[in-house]
file structure_0.txt (compact mmCIF, C-alpha atoms)
# COMPACT_ATOMS: atom_id res chain seq x y z
CA MET Q 1 129.94 87.78 113.98
CA ARG Q 2 126.64 89.59 114.54
CA LYS Q 3 124.04 88.94 111.86
CA ILE Q 4 120.96 90.71 110.57
CA ILE Q 5 117.85 88.63 109.92
CA THR Q 6 115.05 90.34 108.01
CA ILE Q 7 111.58 88.77 107.77
CA ALA Q 8 108.93 90.10 105.40
CA GLU Q 9 106.90 89.30 102.32
CA SER Q 10 108.48 89.47 98.86
CA VAL Q 11 106.59 91.84 96.56
CA LEU Q 12 107.32 93.34 93.16
CA ASP Q 13 105.81 96.80 92.68
CA THR Q 14 104.99 98.68 89.47
CA GLU Q 15 104.11 102.37 89.54
CA TYR Q 16 101.63 103.83 87.06
CA THR Q 17 100.99 107.47 86.19
CA HIS Q 18 97.97 108.29 84.01
CA GLY Q 19 97.64 104.58 83.26
CA GLN Q 20 101.21 104.20 82.01
CA PRO Q 21 103.84 102.10 83.82
CA GLN Q 22 106.75 104.21 85.07
CA ARG Q 23 109.03 101.80 86.94
CA THR Q 24 109.10 98.34 88.48
CA PHE Q 25 111.02 97.61 91.68
CA VAL Q 26 111.23 95.31 94.68
CA GLY Q 27 108.83 96.72 97.25
CA GLY Q 28 108.79 96.76 101.03
CA ARG Q 29 110.91 98.66 103.52
CA ILE Q 30 112.44 95.51 104.96
CA PRO Q 31 113.84 93.87 101.78
CA CYS Q 32 115.24 97.24 100.66
CA ALA Q 33 116.81 97.84 104.08
CA ALA Q 34 118.35 94.38 103.86
CA ALA Q 35 119.88 95.28 100.48
CA SER Q 36 121.52 98.40 101.94
CA LEU Q 37 122.97 96.61 104.95
CA ALA Q 38 124.29 93.66 102.97
CA GLN Q 39 125.88 95.96 100.42
CA ALA Q 40 127.75 97.68 103.25
CA GLY Q 41 129.22 94.35 104.34
CA ALA Q 42 126.88 93.13 107.07
CA ALA Q 43 125.91 89.44 107.08
CA THR Q 44 122.24 89.87 106.16
CA PHE Q 45 119.62 87.15 105.67
CA MET Q 46 116.16 87.46 104.15
CA VAL Q 47 113.40 85.14 105.38
CA SER Q 48 110.49 85.13 102.96
CA GLU Q 49 108.78 83.23 100.15
CA CYS Q 50 108.06 83.66 96.47
CA THR Q 51 107.06 81.47 93.56
CA ALA Q 52 109.64 79.87 91.31
CA ASP Q 53 108.44 82.21 88.56
CA CYS Q 54 109.86 85.16 86.63
CA VAL Q 55 108.61 87.69 89.19
CA GLY Q 56 110.20 85.71 91.99
CA ASP Q 57 113.44 85.55 89.98
CA ILE Q 58 113.52 89.36 89.79
CA ILE Q 59 113.20 89.63 93.58
CA ILE Q 60 115.86 87.00 94.25
CA ASP Q 61 118.20 88.63 91.73
CA TYR Q 62 117.79 92.03 93.42
CA LEU Q 63 118.61 90.65 96.85
CA SER Q 64 121.50 88.49 95.61
CA ARG Q 65 122.95 91.37 93.61
CA HIS Q 66 123.18 93.36 96.84
CA ASN Q 67 124.76 90.41 98.73
CA VAL Q 68 121.70 89.42 100.80
CA ASP Q 69 121.67 85.72 101.72
CA THR Q 70 118.49 84.24 100.16
CA THR Q 71 118.78 80.63 101.36
CA SER Q 72 115.88 81.23 103.76
CA ILE Q 73 113.48 82.26 100.99
CA ASP Q 74 111.02 79.49 100.14
CA ARG Q 75 110.59 79.16 96.36
CA TYR Q 76 107.27 77.32 96.10
CA PRO Q 77 106.40 75.78 92.69
CA ASP Q 78 102.67 76.54 92.47
CA GLY Q 79 101.10 79.98 92.59
CA ALA Q 80 102.20 83.50 91.69
CA THR Q 81 104.60 85.85 93.49
CA ALA Q 82 102.96 88.86 95.11
CA PHE Q 83 102.69 91.83 92.76
CA SER Q 84 101.35 95.33 93.47
CA ALA Q 85 100.16 97.88 90.95
CA ILE Q 86 100.51 101.40 92.38
CA PHE Q 87 98.43 104.03 90.60
CA ARG Q 88 99.70 107.53 91.39
CA GLN Q 89 96.90 110.11 91.49
CA ASP Q 90 97.15 113.78 90.55
CA ASP Q 91 96.47 114.81 94.15
CA GLY Q 92 99.57 112.95 95.36
CA THR Q 93 97.70 109.95 96.75
CA SER Q 94 97.99 106.38 95.46
CA ARG Q 95 95.56 103.58 94.73
CA ILE Q 96 97.09 100.14 95.16
CA VAL Q 97 95.85 96.87 93.68
CA ASN Q 98 97.49 93.68 94.97
CA TYR Q 99 97.88 90.39 93.13
CA GLY Q 100 99.41 87.03 93.97
CA GLN Q 101 98.50 83.43 94.69
CA TYR Q 102 99.93 81.36 97.51
CA PRO Q 103 99.75 77.57 97.91
CA GLU Q 104 97.92 76.03 100.86
CA ASP Q 105 101.15 74.63 102.32
CA ARG Q 106 103.41 77.66 102.51
CA PHE Q 107 106.22 79.43 104.34
CA ASN Q 108 108.35 76.29 104.50
CA VAL Q 109 111.48 78.28 105.09
CA ILE Q 110 114.85 77.18 106.43
CA TRP Q 111 115.34 79.22 109.57
CA PRO Q 112 118.71 80.98 109.82
CA ARG Q 113 120.76 80.59 112.99
CA ILE Q 114 120.05 83.35 115.52
CA ASP Q 115 122.54 84.26 118.25
CA LYS Q 116 122.69 86.76 121.07
CA ASP Q 117 122.85 90.40 119.87
CA ASP Q 118 121.89 89.55 116.30
CA ILE Q 119 119.39 92.04 114.91
CA VAL Q 120 116.00 90.79 113.70
CA ILE Q 121 113.71 93.05 111.65
CA ILE Q 122 110.05 92.08 111.31
CA GLY Q 123 107.02 93.76 109.81
CA SER Q 124 104.62 93.83 106.85
CA LEU Q 125 101.58 91.61 106.46
CA TYR Q 126 103.66 88.57 107.44
CA SER Q 127 103.91 89.75 111.02
CA VAL Q 128 100.16 90.03 111.61
CA ASP Q 129 98.14 87.79 109.29
CA LEU Q 130 97.73 84.03 108.98
CA PRO Q 131 98.96 81.52 107.97
CA GLN Q 132 102.63 82.56 107.97
CA ARG Q 133 102.20 84.61 111.17
CA GLU Q 134 102.30 81.54 113.41
CA ARG Q 135 105.57 80.19 112.03
CA LEU Q 136 107.10 83.66 111.88
CA PHE Q 137 106.31 84.35 115.52
CA GLU Q 138 107.87 81.05 116.53
CA LEU Q 139 111.14 82.35 115.10
CA VAL Q 140 110.71 85.81 116.63
CA SER Q 141 109.93 84.36 120.06
CA TYR Q 142 113.04 82.20 119.80
CA ALA Q 143 115.07 85.28 118.81
CA ALA Q 144 113.78 87.11 121.89
CA GLU Q 145 114.81 84.18 124.10
CA ARG Q 146 118.26 84.27 122.50
CA LYS Q 147 118.48 88.01 123.38
CA ALA Q 148 118.60 89.26 119.83
CA ILE Q 149 117.60 92.90 119.25
CA ILE Q 150 114.18 92.92 117.58
CA ILE Q 151 113.09 95.87 115.46
CA TYR Q 152 109.39 95.97 114.57
CA LEU Q 153 107.99 97.96 111.65
CA PRO Q 154 104.23 97.95 112.23
CA GLY Q 155 102.03 98.32 109.21
CA PHE Q 156 101.59 96.44 105.99
CA GLN Q 157 101.23 96.96 102.27
CA HIS Q 158 98.56 99.59 101.78
CA GLY Q 159 95.68 98.40 99.65
CA ILE Q 160 95.24 95.26 101.79
CA ASN Q 161 91.71 95.32 103.17
CA PHE Q 162 90.88 93.58 106.44
CA ARG Q 163 89.54 94.54 109.84
CA ILE Q 164 92.32 95.89 112.00
CA THR Q 165 90.57 94.56 115.11
CA ARG Q 166 91.12 91.02 113.85
CA VAL Q 167 94.91 91.38 113.80
CA MET Q 168 95.28 93.78 116.74
CA PRO Q 169 96.22 90.97 119.20
CA ASN Q 170 99.09 90.03 116.87
CA ILE Q 171 100.24 93.65 116.60
CA LEU Q 172 100.31 93.97 120.40
CA GLU Q 173 102.17 90.68 120.66
CA ASN Q 174 104.77 92.00 118.22
CA LEU Q 175 105.13 95.18 120.26
CA GLU Q 176 105.70 93.08 123.37
CA VAL Q 177 108.77 91.31 121.94
CA ALA Q 178 110.15 94.41 120.15
CA ASP Q 179 113.13 96.38 121.43
CA ILE Q 180 112.70 99.20 118.89
CA VAL Q 181 109.59 100.22 116.94
CA ILE Q 182 109.86 102.28 113.74
CA ALA Q 183 106.59 103.45 112.16
CA GLN Q 184 105.45 105.94 109.57
CA GLN Q 185 102.36 108.10 109.89
CA GLN Q 186 100.36 105.87 107.52
CA ASP Q 187 100.97 102.90 109.81
CA ILE Q 188 99.67 104.74 112.87
CA ASP Q 189 96.64 106.03 110.96
CA ALA Q 190 95.76 102.48 109.89
CA ILE Q 191 96.39 100.74 113.21
CA PHE Q 192 95.33 103.39 115.72
CA PRO Q 193 92.76 105.58 113.91
CA ASP Q 194 91.81 108.88 115.52
CA GLU Q 195 95.05 108.96 117.52
CA ASN Q 196 98.14 111.01 116.76
CA ASP Q 197 101.63 109.58 117.20
CA GLY Q 198 101.98 110.81 120.78
CA GLU Q 199 98.67 109.28 121.79
CA ALA Q 200 99.51 106.00 120.03
CA TYR Q 201 102.81 105.86 121.91
CA ARG Q 202 101.36 106.66 125.32
CA ASN Q 203 98.20 104.54 124.94
CA HIS Q 204 99.62 101.48 123.20
CA ILE Q 205 103.33 101.33 122.39
CA GLU Q 206 105.03 102.57 125.56
CA PHE Q 207 103.56 99.79 127.72
CA TYR Q 208 105.34 97.19 125.57
CA CYS Q 209 108.34 98.98 124.03
CA ASP Q 210 109.94 102.20 125.22
CA ASN Q 211 111.99 102.96 122.08
CA TYR Q 212 109.71 104.36 119.37
CA LEU Q 213 110.80 106.23 116.23
CA HIS Q 214 107.97 107.95 114.37
CA ILE Q 215 108.43 109.19 110.78
CA THR Q 216 106.12 112.04 109.76
CA PRO Q 217 104.92 112.68 106.17
CA GLY Q 218 107.53 115.45 105.97
CA LEU Q 219 110.19 112.93 107.11
CA ASP Q 220 110.75 114.50 110.48
CA VAL Q 221 111.67 111.83 113.03
CA LYS Q 222 110.24 111.89 116.53
CA ARG Q 223 112.03 109.75 119.09
CA TYR Q 224 109.86 108.67 121.97
CA GLY Q 225 111.50 107.11 125.01
CA ALA Q 226 111.79 107.53 128.76
CA ARG Q 227 108.49 109.44 128.67
CA GLN Q 228 110.04 112.11 126.48
CA CYS Q 229 109.82 113.11 122.83
CA ARG Q 230 112.62 114.65 120.80
CA GLN Q 231 112.04 115.74 117.20
CA HIS Q 232 114.65 115.67 114.45
CA SER Q 233 113.92 117.83 111.40
CA GLY Q 234 113.71 115.95 108.12
CA PRO Q 235 114.24 116.99 104.51
CA GLY Q 236 110.56 117.19 103.54
CA ALA Q 237 108.66 114.67 101.45
CA ARG Q 238 110.66 112.81 98.80
CA ASP Q 239 109.42 111.33 95.53
CA ASN Q 240 110.83 107.98 96.67
CA MET Q 241 109.39 107.65 100.16
CA LEU Q 242 109.90 103.86 100.17
CA GLY Q 243 113.63 104.18 99.59
CA TRP Q 244 113.97 106.91 102.22
CA GLN Q 245 112.23 104.93 104.91
CA ALA Q 246 114.05 101.70 104.03
CA GLY Q 247 117.35 103.57 104.17
CA PHE Q 248 116.45 105.09 107.52
CA THR Q 249 115.75 101.64 108.97
CA ALA Q 250 119.07 100.35 107.60
CA GLY Q 251 120.83 103.36 109.10
CA ILE Q 252 119.44 102.66 112.57
CA VAL Q 253 120.68 99.07 112.35
CA TYR Q 254 124.08 100.29 111.17
CA GLY Q 255 124.18 102.72 114.10
CA LEU Q 256 123.49 99.94 116.60
CA ILE Q 257 126.26 97.76 115.21
CA ALA Q 258 128.81 100.55 114.61
CA ARG Q 259 128.43 101.76 118.19
CA GLY Q 260 128.53 98.27 119.66
CA VAL Q 261 125.02 98.51 121.11
CA THR Q 262 123.92 95.13 122.46
CA HIS Q 263 120.68 93.75 123.81
CA GLU Q 264 122.03 94.38 127.30
CA THR Q 265 123.15 97.99 126.73
CA LEU Q 266 120.23 99.16 124.55
CA PRO Q 267 117.88 100.08 127.44
CA ALA Q 268 120.47 102.46 128.92
CA LEU Q 269 121.33 104.16 125.62
CA ASP Q 270 121.65 107.91 126.24
CA GLY Q 271 119.95 110.66 124.27
CA GLY Q 272 123.16 111.84 122.64
CA THR Q 273 123.82 108.39 121.17
CA TRP Q 274 120.25 108.20 119.88
CA ASP Q 275 120.64 111.65 118.31
CA ALA Q 276 123.83 110.55 116.54
CA MET Q 277 122.23 107.33 115.30
CA ILE Q 278 119.19 109.16 113.94
CA ALA Q 279 121.43 111.70 112.17
CA GLU Q 280 123.40 108.84 110.61
CA ALA Q 281 120.18 107.04 109.67
CA MET Q 282 118.97 110.14 107.85
CA GLN Q 283 122.16 110.07 105.76
CA TRP Q 284 121.41 106.45 104.85
CA ALA Q 285 117.85 107.49 104.01
CA GLU Q 286 118.95 110.28 101.67
CA ALA Q 287 121.35 107.88 99.96
CA SER Q 288 118.56 105.34 99.36
CA THR Q 289 116.22 107.37 97.16
CA GLY Q 290 117.62 106.07 93.87
CA PRO Q 291 115.92 103.51 91.59
CA ASP Q 292 117.08 100.53 93.70
CA ASN Q 293 115.58 101.91 96.95
CA CYS Q 294 118.87 101.25 98.75
CA VAL Q 295 122.26 102.89 99.18
CA ASP Q 296 124.56 102.83 96.18
CA ALA Q 297 127.91 101.05 96.11
CA GLU Q 298 129.92 104.22 96.82
CA PHE Q 299 127.94 105.11 99.96
CA ALA Q 300 127.97 101.49 101.14
CA SER Q 301 131.75 101.23 100.76
CA SER Q 302 132.19 104.42 102.81
CA ARG Q 303 130.59 102.62 105.76
CA THR Q 304 132.12 99.17 105.32
CA ALA Q 305 135.38 99.74 107.21
CA ALA Q 306 133.64 101.07 110.34
CA LEU Q 307 131.04 98.31 110.19
CA LEU Q 308 133.58 95.49 109.89
CA ALA Q 309 135.76 97.02 112.61
CA ALA Q 310 132.78 97.13 114.98
CA LEU Q 311 131.88 93.54 114.17
CA GLU Q 312 135.45 92.40 114.78
CA ASN Q 313 135.60 94.30 118.06
CA TYR Q 314 132.33 92.67 119.14
CA ASP Q 315 133.74 89.21 118.41
CA LYS Q 316 136.89 89.94 120.44
CA THR Q 317 134.80 91.23 123.34
CA GLN Q 318 132.72 88.05 123.35
CA GLU Q 319 135.85 85.87 123.21
CA ASN Q 320 137.28 87.69 126.23
CA LYS Q 321 134.11 86.92 128.19
CA LEU Q 322 134.55 83.18 127.68
call {"tool": "encode", "arguments": {"input": "structure_0.txt", "output": "structure tokens"}}
result
Amino acid sequence: MRKIITIAESVLDTEYTHGQPQRTFVGGRIPCAAASLAQAGAATFMVSECTADCVGDIIIDYLSRHNVDTTSIDRYPDGATAFSAIFRQDDGTSRIVNYGQYPEDRFNVIWPRIDKDDIVIIGSLYSVDLPQRERLFELVSYAAERKAIIIYLPGFQHGINFRITRVMPNILENLEVADIVIAQQQDIDAIFPDENDGEAYRNHIEFYCDNYLHITPGLDVKRYGARQCRQHSGPGARDNMLGWQAGFTAGIVYGLIARGVTHETLPALDGGTWDAMIAEAMQWAEASTGPDNCVDAEFASSRTAALLAALENYDKTQENKL
């Protein structure tokens, strides 16, 4: 059965308004996308690390509660799990302060098995910065050799300060192994300053990866591919942008599996299929704007039958090839 392997840092976020905490939740598009997919019945693994502390327990509980396999999360004994304080400003912007302490010997994860046509999602600070970058890219390179579909979410937790030029070689290396790139406007602004999404695609992304999905601040989605751009109208900005974008990512993965798209057939995917997958992904996105930043049980169950049927059909097709 096809699997989904998600690789990203584990972070607990707390939002503040006028100095008062409003809500605490597991942050990051990738962990929240994993929660949606696992809840719908897909075999989903999270590769990450967090301290064996109370904050780490909250993150593990969230993932486990949504049926994500957490055996590949390293629970190190010394340090403090990453924590972000998000201060919402009156003008709609946010100021983010990041905390956390990692041990010197870290990211000692147990790698999950990766097979052909599995889907691997990478992104966040893990995919660009040392020391975990080296071990992560070993796994991603292996996944590429195994002909898994690799989805890259460029960007990282905002509020992290470092020179983008220092990690640019790693970003380009990630683009080179990616089959699909999904980025939001903030990511492009941080990585390719002074370039709009079209320029970033033509000047940087297209050379490495032809399939690029760009999410605007108003949640329109632009699909770049085959030297063309097609725009899909979005619902306008949402209060929970994290949940929307995590749900959109999960919806794209669901679309690939439900339609039986493989590593071999992805390059020839026609525009109509892409349009249908993006429309479906937007439904997942809208269903992921609740407090958990993922689809609820009712929405997940409405997709389970089609997902499991597609997975079973894939297994039968592979058996017939043997």
call {"tool": "closest_residue", "arguments": {"input": "structure_0.txt", "among": "Q:Tyr76, Q:Phe299, Q:Tyr16, Q:Tyr314", "to": "Q:Arg88", "atoms": "all atoms listed in the file"}}
result
Q:Tyr16
call {"tool": "closest_residue", "arguments": {"input": "structure_0.txt", "among": "Q:Ala42, Q:Ala80, Q:Cys50, Q:Val140", "to": "Q:Ile7", "atoms": "all atoms listed in the file"}}
result
Q:Val140
call {"tool": "residues_around", "arguments": {"input": "structure_0.txt", "residues": "Q:Leu37", "least_positions_apart": "6", "cutoff": "9 Å", "atoms": "only C-alpha atoms", "output": "PyMOL selection string"}}
result
chain Q and resi 4+43-44+66-68+247+250-251+253-254+294-295+300
call {"tool": "closest_residue", "arguments": {"input": "structure_0.txt", "among": "Q:Leu172, Q:Leu256, Q:Ile191, Q:Ile215", "to": "Q:Ala276", "atoms": "all atoms listed in the file"}}
result
Q:Leu256
call {"tool": "atom_distance", "arguments": {"input": "structure_0.txt", "atom1": "atom CA of Q:Asn196", "atom2": "atom CA of Q:Glu9"}}
result
27.5 Å
call {"tool": "axis_aligned_box", "arguments": {"input": "structure_0.txt", "around": "stretch 215-232 of chain Q", "padding_each_side": "4 Å", "output": "lines of an AutoDock Vina configuration file"}}
result
center_x = 109.8
center_y = 111.4
center_z = 117.4
size_x = 17.7
size_y = 16.6
size_z = 30.8
call {"tool": "closest_residue", "arguments": {"input": "structure_0.txt", "among": "Q:Gly198, Q:His204, Q:Glu138, Q:Thr304", "to": "Q:Pro169", "atoms": "all atoms listed in the file"}}
result
Q:His204
call {"tool": "closest_residue", "arguments": {"input": "structure_0.txt", "among": "Q:Gly225, Q:Gly255, Q:Gly290, Q:Pro21", "to": "Q:Met277", "atoms": "all atoms listed in the file"}}
result
Q:Gly255
call {"tool": "closest_residue", "arguments": {"input": "structure_0.txt", "among": "Q:Gly92, Q:Gly123, Q:Pro131, Q:Gly41", "to": "Q:Asn108", "atoms": "only C-alpha atoms"}}
result
Q:Pro131
call {"tool": "residues_around", "arguments": {"input": "structure_0.txt", "residues": "stretch 146-157 of chain Q", "least_positions_apart": "5", "cutoff": "8 Å", "atoms": "only C-alpha atoms", "output": "PyMOL selection string"}}
result
chain Q and resi 28+114-125+140+171+174-175+177-183+186-188+190-191+262-263
